[in-house]
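S.K.: For reference, this is input30.txt, and it has compact mmCIF, C-alpha atoms.
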# COMPACT_ATOMS: atom_id res chain seq x y z
CA MET O 1 18.90 -7.05 -19.57
CA THR O 2 16.59 -4.22 -18.56
CA PRO O 3 16.89 -2.90 -14.99
CA THR O 4 13.53 -3.82 -13.47
CA ALA O 5 11.68 -2.40 -10.47
CA VAL O 6 9.23 -4.78 -8.82
CA LEU O 7 6.04 -3.28 -7.38
CA PHE O 8 3.82 -4.70 -4.62
CA PRO O 9 0.24 -3.37 -4.29
CA GLY O 10 -1.81 -2.38 -1.28
CA GLN O 11 -5.52 -2.59 -0.52
CA GLY O 12 -8.01 -2.47 -3.34
CA SER O 13 -6.14 -4.87 -5.62
CA LEU O 14 -7.56 -8.31 -4.79
CA THR O 15 -8.93 -10.47 -7.61
CA SER O 16 -11.44 -13.31 -7.36
CA ASP O 17 -8.80 -16.01 -7.95
CA ALA O 18 -6.17 -14.58 -5.58
CA GLY O 19 -7.00 -16.99 -2.76
CA ASP O 20 -6.77 -20.12 -4.90
CA HIS O 21 -3.49 -18.91 -6.34
CA ALA O 22 -1.96 -18.21 -2.93
CA ARG O 23 -3.09 -21.58 -1.54
CA ALA O 24 -1.46 -23.34 -4.49
CA VAL O 25 1.85 -21.45 -4.34
CA CYS O 26 2.41 -20.90 -0.60
CA PRO O 27 0.04 -23.18 1.37
CA ASP O 28 2.14 -23.09 4.54
CA LEU O 29 2.02 -19.29 4.63
CA VAL O 30 -1.74 -19.33 4.06
CA ASN O 31 -2.14 -21.76 6.96
CA GLN O 32 -0.04 -19.49 9.17
CA ALA O 33 -2.30 -16.59 8.22
CA ILE O 34 -5.42 -18.58 9.11
CA GLU O 35 -3.94 -19.31 12.56
CA LEU O 36 -2.99 -15.67 13.13
CA VAL O 37 -6.23 -14.19 11.83
CA GLY O 38 -8.58 -16.86 13.16
CA SER O 39 -10.15 -17.57 9.76
CA ASP O 40 -9.25 -17.62 6.08
CA PRO O 41 -8.50 -13.96 5.25
CA PHE O 42 -9.49 -14.44 1.61
CA GLU O 43 -12.99 -15.53 2.59
CA ARG O 44 -13.50 -12.39 4.70
CA ALA O 45 -11.38 -9.84 2.79
CA HIS O 46 -14.51 -7.89 1.86
CA GLU O 47 -15.42 -7.36 5.54
CA SER O 48 -12.63 -5.11 6.75
CA THR O 49 -8.98 -4.13 6.49
CA GLU O 50 -8.24 -6.68 9.22
CA PHE O 51 -8.77 -9.46 6.68
CA ALA O 52 -7.98 -7.63 3.43
CA GLN O 53 -4.40 -6.79 4.38
CA PRO O 54 -3.15 -10.35 5.04
CA ALA O 55 -5.01 -11.57 1.96
CA ILE O 56 -3.26 -9.03 -0.26
CA PHE O 57 0.11 -9.80 1.32
CA LEU O 58 -0.33 -13.54 0.68
CA ALA O 59 -1.41 -12.95 -2.91
CA SER O 60 1.55 -10.66 -3.56
CA ILE O 61 4.10 -13.06 -2.09
CA ALA O 62 2.57 -15.86 -4.15
CA GLY O 63 2.96 -13.76 -7.30
CA TRP O 64 6.56 -12.98 -6.42
CA ARG O 65 7.46 -16.62 -5.66
CA GLU O 66 5.81 -18.08 -8.73
CA ASN O 67 7.38 -15.72 -11.26
CA ASP O 68 11.11 -15.46 -11.87
CA VAL O 69 11.53 -11.73 -12.47
CA ALA O 70 14.86 -11.12 -14.17
CA ASP O 71 17.36 -8.34 -13.46
CA VAL O 72 15.57 -6.91 -10.41
CA PHE O 73 17.04 -3.48 -9.77
CA ALA O 74 14.86 -2.20 -6.93
CA MET O 75 11.48 -2.69 -5.26
CA ALA O 76 8.66 -0.60 -3.84
CA GLY O 77 5.30 -1.25 -2.26
CA HIS O 78 2.18 0.88 -2.08
CA SER O 79 1.18 1.28 1.58
CA LEU O 80 0.73 -2.30 2.87
CA GLY O 81 2.82 -3.43 -0.12
CA GLU O 82 5.95 -2.07 1.57
CA LEU O 83 6.00 -5.10 3.89
CA SER O 84 5.56 -7.40 0.88
CA ALA O 85 8.48 -5.69 -0.88
CA LEU O 86 10.74 -5.85 2.18
CA ALA O 87 9.96 -9.55 2.65
CA ALA O 88 10.65 -10.28 -1.03
CA ALA O 89 13.94 -8.38 -0.76
CA GLY O 90 15.00 -10.41 2.27
CA ALA O 91 14.95 -7.50 4.73
CA VAL O 92 12.58 -9.45 6.98
CA ALA O 93 11.56 -13.10 7.17
CA VAL O 94 8.31 -13.64 5.30
CA GLU O 95 6.74 -15.25 8.38
CA ASP O 96 7.60 -12.18 10.46
CA ALA O 97 6.28 -9.91 7.72
CA LEU O 98 2.97 -11.80 7.74
CA ARG O 99 2.74 -11.42 11.51
CA LEU O 100 3.32 -7.68 11.13
CA VAL O 101 0.72 -7.44 8.37
CA VAL O 102 -1.90 -9.15 10.54
CA LEU O 103 -1.12 -6.79 13.41
CA ARG O 104 -1.19 -3.78 11.08
CA GLY O 105 -4.61 -4.71 9.75
CA ARG O 106 -6.01 -5.19 13.25
CA LEU O 107 -4.59 -1.95 14.60
CA MET O 108 -5.89 0.04 11.64
CA GLN O 109 -9.31 -1.55 11.97
CA VAL O 110 -9.43 -0.71 15.68
CA ALA O 111 -8.36 2.87 14.95
CA ALA O 112 -11.10 3.16 12.35
CA VAL O 113 -13.74 1.77 14.70
CA GLU O 114 -12.70 4.30 17.35
CA HIS O 115 -13.98 6.97 14.96
CA GLY O 116 -17.20 5.09 14.30
CA ALA O 117 -18.58 5.99 10.89
CA ASP O 118 -16.89 9.37 10.95
CA GLY O 119 -13.81 8.68 8.84
CA GLY O 120 -13.38 8.03 5.14
CA MET O 121 -11.41 8.69 1.98
CA VAL O 122 -12.17 10.37 -1.34
CA ALA O 123 -10.33 10.17 -4.65
CA LEU O 124 -9.81 13.48 -6.43
CA LEU O 125 -9.44 13.00 -10.17
CA GLY O 126 -8.40 15.65 -12.64
CA GLY O 127 -6.75 18.18 -10.34
CA ASP O 128 -3.04 18.51 -9.66
CA ALA O 129 -1.25 18.31 -6.30
CA GLU O 130 -1.77 22.04 -5.68
CA ASP O 131 -5.50 21.72 -6.30
CA ALA O 132 -5.70 18.79 -3.90
CA GLU O 133 -3.72 20.60 -1.23
CA ARG O 134 -5.93 23.68 -1.54
CA LEU O 135 -9.16 21.69 -1.35
CA ALA O 136 -7.82 19.60 1.53
CA ALA O 137 -6.83 22.70 3.48
CA ASP O 138 -10.18 24.39 2.78
CA HIS O 139 -12.10 21.40 4.13
CA GLY O 140 -9.84 20.09 6.89
CA LEU O 141 -8.76 16.94 5.07
CA ALA O 142 -5.34 15.29 4.73
CA ILE O 143 -3.59 14.13 1.57
CA ALA O 144 -3.50 10.31 1.89
CA ASN O 145 -2.16 9.16 -1.49
CA ASP O 146 -0.43 11.04 -4.31
CA ASN O 147 -0.69 8.24 -6.84
CA ALA O 148 -0.15 10.03 -10.13
CA PRO O 149 -0.75 13.40 -11.78
CA GLY O 150 -4.46 14.04 -11.48
CA GLN O 151 -5.04 11.11 -9.13
CA LEU O 152 -4.88 11.90 -5.43
CA VAL O 153 -6.73 10.54 -2.40
CA LEU O 154 -7.76 12.57 0.65
CA SER O 155 -8.70 11.38 4.15
CA GLY O 156 -10.87 12.91 6.84
CA HIS O 157 -14.26 13.22 8.51
CA THR O 158 -17.22 12.09 6.40
CA SER O 159 -18.90 15.51 6.66
CA GLN O 160 -15.70 17.17 5.41
CA ILE O 161 -15.51 14.67 2.57
CA GLU O 162 -19.09 15.44 1.56
CA ALA O 163 -18.33 19.16 1.47
CA LEU O 164 -15.13 18.64 -0.51
CA THR O 165 -16.93 16.40 -2.99
CA HIS O 166 -19.36 19.19 -3.86
CA ALA O 167 -16.58 21.81 -4.00
CA ALA O 168 -14.42 19.62 -6.25
CA ARG O 169 -17.24 18.99 -8.68
CA ASP O 170 -18.09 22.67 -8.74
CA ALA O 171 -14.42 23.32 -9.65
CA GLY O 172 -14.61 20.86 -12.55
CA PHE O 173 -12.87 17.89 -10.93
CA LYS O 174 -14.18 14.40 -10.32
CA ALA O 175 -14.49 13.28 -6.70
CA MET O 176 -15.23 9.66 -5.82
CA VAL O 177 -15.85 8.54 -2.23
CA LEU O 178 -13.99 5.27 -1.58
CA ASP O 179 -15.44 2.21 0.10
CA VAL O 180 -13.04 2.11 3.06
CA ALA O 181 -13.56 1.82 6.82
CA GLY O 182 -11.63 4.89 7.97
CA ALA O 183 -9.47 7.92 7.27
CA PHE O 184 -6.30 5.95 6.63
CA HIS O 185 -2.89 7.57 6.07
CA SER O 186 -3.91 10.50 8.24
CA PRO O 187 -3.66 11.56 11.90
CA ALA O 188 -7.12 10.01 12.43
CA VAL O 189 -5.50 6.57 12.80
CA ALA O 190 -2.58 7.76 14.95
CA SER O 191 -3.53 5.38 17.77
CA ALA O 192 -2.27 2.49 15.62
CA ARG O 193 1.23 3.90 15.21
CA GLU O 194 2.87 3.31 18.62
CA PRO O 195 1.85 -0.33 19.13
CA PHE O 196 2.87 -1.08 15.55
CA LEU O 197 6.21 0.67 16.04
CA GLU O 198 6.85 -1.36 19.20
CA GLU O 199 6.36 -4.63 17.32
CA LEU O 200 8.41 -3.41 14.36
CA ARG O 201 11.32 -2.61 16.67
CA ALA O 202 11.10 -6.10 18.20
CA THR O 203 11.45 -7.68 14.74
CA ASP O 204 14.75 -8.81 13.18
CA TRP O 205 15.73 -6.80 10.08
CA SER O 206 18.53 -7.30 7.53
CA ASP O 207 19.91 -5.37 4.61
CA PRO O 208 17.65 -5.96 1.58
CA SER O 209 19.05 -7.65 -1.53
CA VAL O 210 18.07 -4.59 -3.57
CA PRO O 211 16.98 -1.07 -2.53
CA VAL O 212 13.37 -0.82 -1.40
CA VAL O 213 11.95 2.69 -1.80
CA SER O 214 9.81 4.05 1.05
CA GLY O 215 6.49 5.72 0.32
CA VAL O 216 7.08 8.09 3.23
CA THR O 217 10.39 9.50 1.98
CA ALA O 218 10.40 8.51 -1.73
CA ALA O 219 13.95 7.22 -1.12
CA PRO O 220 15.38 3.81 -0.12
CA PHE O 221 14.48 2.71 3.39
CA THR O 222 16.98 3.71 6.06
CA ASP O 223 14.98 2.86 9.20
CA PHE O 224 12.50 0.06 8.61
CA ALA O 225 10.62 0.32 11.91
CA GLN O 226 10.33 4.10 11.99
CA GLN O 227 9.32 4.52 8.38
CA LEU O 228 6.81 1.65 8.35
CA ALA O 229 5.17 3.06 11.48
CA ASP O 230 5.15 6.59 10.06
CA ALA O 231 3.51 5.25 6.90
CA LEU O 232 0.29 4.59 8.82
CA ILE O 233 -0.37 8.30 9.24
CA ALA O 234 1.69 9.83 6.41
CA PRO O 235 0.67 10.22 2.76
CA VAL O 236 1.79 7.61 0.24
CA ARG O 237 4.07 9.55 -2.11
CA TRP O 238 3.67 7.06 -4.96
CA ARG O 239 4.17 9.57 -7.76
CA GLU O 240 7.53 10.53 -6.24
CA VAL O 241 8.40 6.87 -5.66
CA MET O 242 8.00 6.22 -9.37
CA VAL O 243 10.21 9.17 -10.24
CA ALA O 244 12.83 8.02 -7.71
CA LEU O 245 12.92 4.50 -9.17
CA SER O 246 13.34 5.95 -12.65
CA GLU O 247 16.15 8.24 -11.51
CA MET O 248 17.84 5.27 -9.83
CA GLY O 249 17.94 3.54 -13.22
CA ALA O 250 14.84 1.35 -13.44
CA ARG O 251 13.59 1.01 -17.02
CA ASP O 252 10.92 -1.66 -16.63
CA PHE O 253 8.27 -2.10 -13.93
CA VAL O 254 6.61 -5.35 -12.89
CA ASP O 255 3.49 -5.48 -10.71
CA VAL O 256 3.60 -8.92 -9.02
CA GLY O 257 0.45 -8.49 -6.95
CA PRO O 258 -3.11 -9.43 -7.83
CA GLY O 259 -4.70 -7.14 -10.38
CA ARG O 260 -3.01 -4.40 -12.39
CA VAL O 261 -3.42 -1.36 -10.14
CA LEU O 262 0.24 -0.38 -9.95
CA ALA O 263 1.00 -1.41 -13.52
CA ARG O 264 -1.65 1.04 -14.71
CA LEU O 265 -0.14 3.85 -12.64
CA VAL O 266 3.33 3.52 -14.20
CA PRO O 267 2.51 5.17 -17.56
CA ARG O 268 0.55 7.84 -15.70
CA ASN O 269 3.77 8.79 -13.91
CA LEU O 270 6.43 7.76 -16.43
CA PRO O 271 4.92 7.77 -19.94
CA THR O 272 8.09 6.65 -21.72
CA LEU O 273 8.76 3.54 -19.61
CA LYS O 274 7.33 0.04 -19.75
CA ALA O 275 5.15 -1.70 -17.19
CA HIS O 276 3.33 -4.99 -16.99
CA ALA O 277 1.55 -7.14 -14.44
CA LEU O 278 2.11 -10.80 -13.73
CA ALA O 279 -1.53 -11.28 -12.69
CA GLY O 280 -4.68 -10.61 -14.68
Could you spell out this file's structure in structure tokens?
M.R.:
Amino acid sequence: MTPTAVLFPGQGSLTSDAGDHARAVCPDLVNQAIELVGSDPFERAHESTEFAQPAIFLASIAGWRENDVADVFAMAGHSLGELSALAAAGAVAVEDALRLVVLRGRLMQVAAVEHGADGGMVALLGGDAEDAERLAADHGLAIANDNAPGQLVLSGHTSQIEALTHAARDAGFKAMVLDVAGAFHSPAVASAREPFLEELRATDWSDPSVPVVSGVTAAPFTDFAQQLADALIAPVRWREVMVALSEMGARDFVDVGPGRVLARLVPRNLPTLKAHALAG
């Protein structure tokens, strides 16, 4: 058997059939989400992170439950996907994880609204981490995601993003402004951290069945509440997460969420290893 790392995606990975799939595989969990959110999150996922996050969580758990992934060695989740991974690994009850996801989405939406239309994110393609750090520092932005070599995301004020976009293109890089509601994974959403941390600390946690690697530390979780709260304002170190999983012994990677976002990133980070997605 091949030691397999299971990957759980974050926002930006929903597919058109994700809702139908989740309703078929885990109807009780979908009904709980509707009660917590106040409406079907799949029907409103396009509106804001408040609805997109529970929808992605439900779709990811459905993918995990429906498919019997053999020889699971470790798990990791990208941003929101960390709660999906921890639930799948048994570190937290899936119902509690859903409750936390709903709260997370609401808090992040509120934090974004507090900044009005002033916060956003931009993907920098073609430069390395040093290029991104230099451009971020020059324009007052924060590194939000280090997804793979030549694929980083920055967060900050929309005027700063506009200036960086021109500077990046002048330097020969591609810069693509993302369709998001705020400057996530940066100090701009710091107001969401403390209330989320309080709820995380009030939640029951257990040792996971397999190591779950944190995007904040690029190492297995040691303090679920602290690291999940820190993840709201810290960069997602996905490139380093992939390297850590490889060094731990993983030789195959399975993306159980909707879409193929994380499956596509595996060969970008680890060209010699295999990856596939369970969804289309």
S.K.: Here is a test: counting only C-alpha atoms, which residue of O:Leu178, O:Leu36, O:Met1, O:Ala45 is nearest to Gly19 (chain O)?
M.R.: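 Once distances to Gly19 (chain O) are computed over only C-alpha atoms, the minimum belongs to O:Ala45.
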S.K.: If I take CA of Leu29 (chain O) and CA of Thr15 (chain O), how far is one from the other in Å, to one decimal?
M.R.: 18.6 Å
S.K.: Give me, as a PyMOL selection string, all polymer residues having an atom no more than 6 Å from region 248-264 of chain O, counting all atoms listed in the file and skipping those fewer than 2 positions away in the same chain.
M.R.: chain O and resi 3-9+13-15+60+63-64+245-246+266+274-280
S.K.: At what distance in Å, to one decimal, does CA of Ser206 (chain O) lie from CA of Glu66 (chain O)?
M.R.: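 Separation of CA of Glu66 (chain O) and CA of Ser206 (chain O): 23.3 Å.
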S.K.: Using only C-alpha atoms, pick whichever of O:Val153, O:Ala142, O:Leu98, O:Met108 has the shortest atom-to-atom distance to Val122 (chain O).
M.R.: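 Checking each of O:Val153, O:Ala142, O:Leu98, O:Met108 against Val122 (chain O), counting only C-alpha atoms, the winner is O:Val153.
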S.K.: By how many Å are CA of Glu247 (chain O) and CA of Pro267 (chain O) apart?
M.R.: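 Calculated distance between CA of Glu247 (chain O) and CA of Pro267 (chain O) is 15.2 Å.
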S.K.: Nearest to Gly81 (chain O): which of O:Ile34, O:Ala144, O:Ala219, O:Val213 is it, counting only C-alpha atoms?
M.R.: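 Selected residue with least distance to Gly81 (chain O): O:Val213.
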S.K.: Identify which of the residues O:Asp204, O:Ala190, O:Ala87, O:Ser209 lies closest to Glu114 (chain O), counting only C-alpha atoms when measuring atom-to-atom distances.
M.R.: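 Nearest to Glu114 (chain O): O:Ala190.
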S.K.: Which one of O:Leu270, O:Val102, O:Leu86, O:Val92 sits closest to Thr203 (chain O) if you count only C-alpha atoms?
M.R.: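 With only C-alpha atoms as the atom set, the closest residue is O:Val92.
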S.K.: Please list, as number ranges by chain, the residues that have an atom at most 12 Å away from (-3.0, 14.4, 1.4) in the coordinates of this file, counting all atoms listed in the file.
M.R.: O: 121-124, 128-137, 139-147, 151-156, 183-187, 233-238
S.K.: If you count all atoms listed in the file, which residues fall within 9 Å of Ala22 (chain O), apart from same-chain ones fewer than 3 positions away, as a PyMOL selection string?
M.R.: chain O and resi 17-19+25-27+29-30+55+58-63
S.K.: Can you list, as a list in words, every protein, DNA or RNA residue that comes within 10 Å of Leu200 (chain O) when you count only C-alpha atoms, leaving out same-chain residues fewer than 6 positions away?
M.R.: Asp96, Ala97, Leu100, Glu194, Phe224, Ala225, Gln226, Gln227, Leu228 and Ala229 of chain O
S.K.: Looking at O:Phe221, O:Ala52, O:Ala168, O:Leu125, which one is nearest to Asp138 (chain O), with distances taken over all atoms listed in the file?
M.R.: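 That would be O:Ala168, the residue with the smallest distance to Asp138 (chain O).
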S.K.: Please identify every residue of region 170-244 of chain O that has at least one atom no farther than 7 Å from an atom of region 109-112 of chain O, counting only C-alpha atoms, and for each give the shortest atom pair and the distance in Å to one decimal, arranged by chain then increasing number, as CSV.
M.R.:
residue,atom,partner,partner_atom,distance
O:Ala181,CA,O:Ala112,CA,6.2
O:Gly182,CA,O:Ala112,CA,4.7
O:Val189,CA,O:Ala111,CA,5.1
O:Ser191,CA,O:Ala111,CA,6.1
O:Ala192,CA,O:Ala111,CA,6.1
S.K.: Take the residues that were just selected and, keeping C-alpha atoms, output them as a compact mmCIF listing (two decimals), in the coordinates of the input.
M.R.:
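Everything below was put into part_4.txt:
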# COMPACT_ATOMS: atom_id res chain seq x y z
CA ALA O 181 -13.56 1.82 6.82
CA GLY O 182 -11.63 4.89 7.97
CA VAL O 189 -5.50 6.57 12.80
CA SER O 191 -3.53 5.38 17.77
CA ALA O 192 -2.27 2.49 15.62
S.K.: Using all atoms listed in the file, which residues sit within 8 Å of Gly127 (chain O) once same-chain residues fewer than 6 positions away are excluded, as a PDB file with C-alpha atoms, keeping the file's coordinate frame?
M.R.:
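The resulting file, around-v1.pdb, is shown below:
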ATOM      1  CA  PRO O 149      -0.750  13.400 -11.780  1.00  0.00           C
ATOM      2  CA  GLY O 150      -4.460  14.040 -11.480  1.00  0.00           C
ATOM      3  CA  GLN O 151      -5.040  11.110  -9.130  1.00  0.00           C
ATOM      4  CA  PHE O 173     -12.870  17.890 -10.930  1.00  0.00           C
TER       5      PHE O 173
END
S.K.: Step by step, gather every atom of region 232-251 of chain O that the file lists, find the box along x, y and z that holds them, add 4 Å on each side, and finally give centre and edge lengths in Å to one decimal, as JSON.
M.R.:
{"center_x": 8.8, "center_y": 5.8, "center_z": -3.9, "size_x": 26.3, "size_y": 17.5, "size_z": 34.3}
S.K.: Would you kindly return, as a PyMOL selection string, each protein, DNA or RNA residue with an atom no farther than 9 Å from any atom of Thr158 (chain O), considering only C-alpha atoms and excluding same-chain residues fewer than 5 positions away?
M.R.: chain O and resi 117-121+163+183
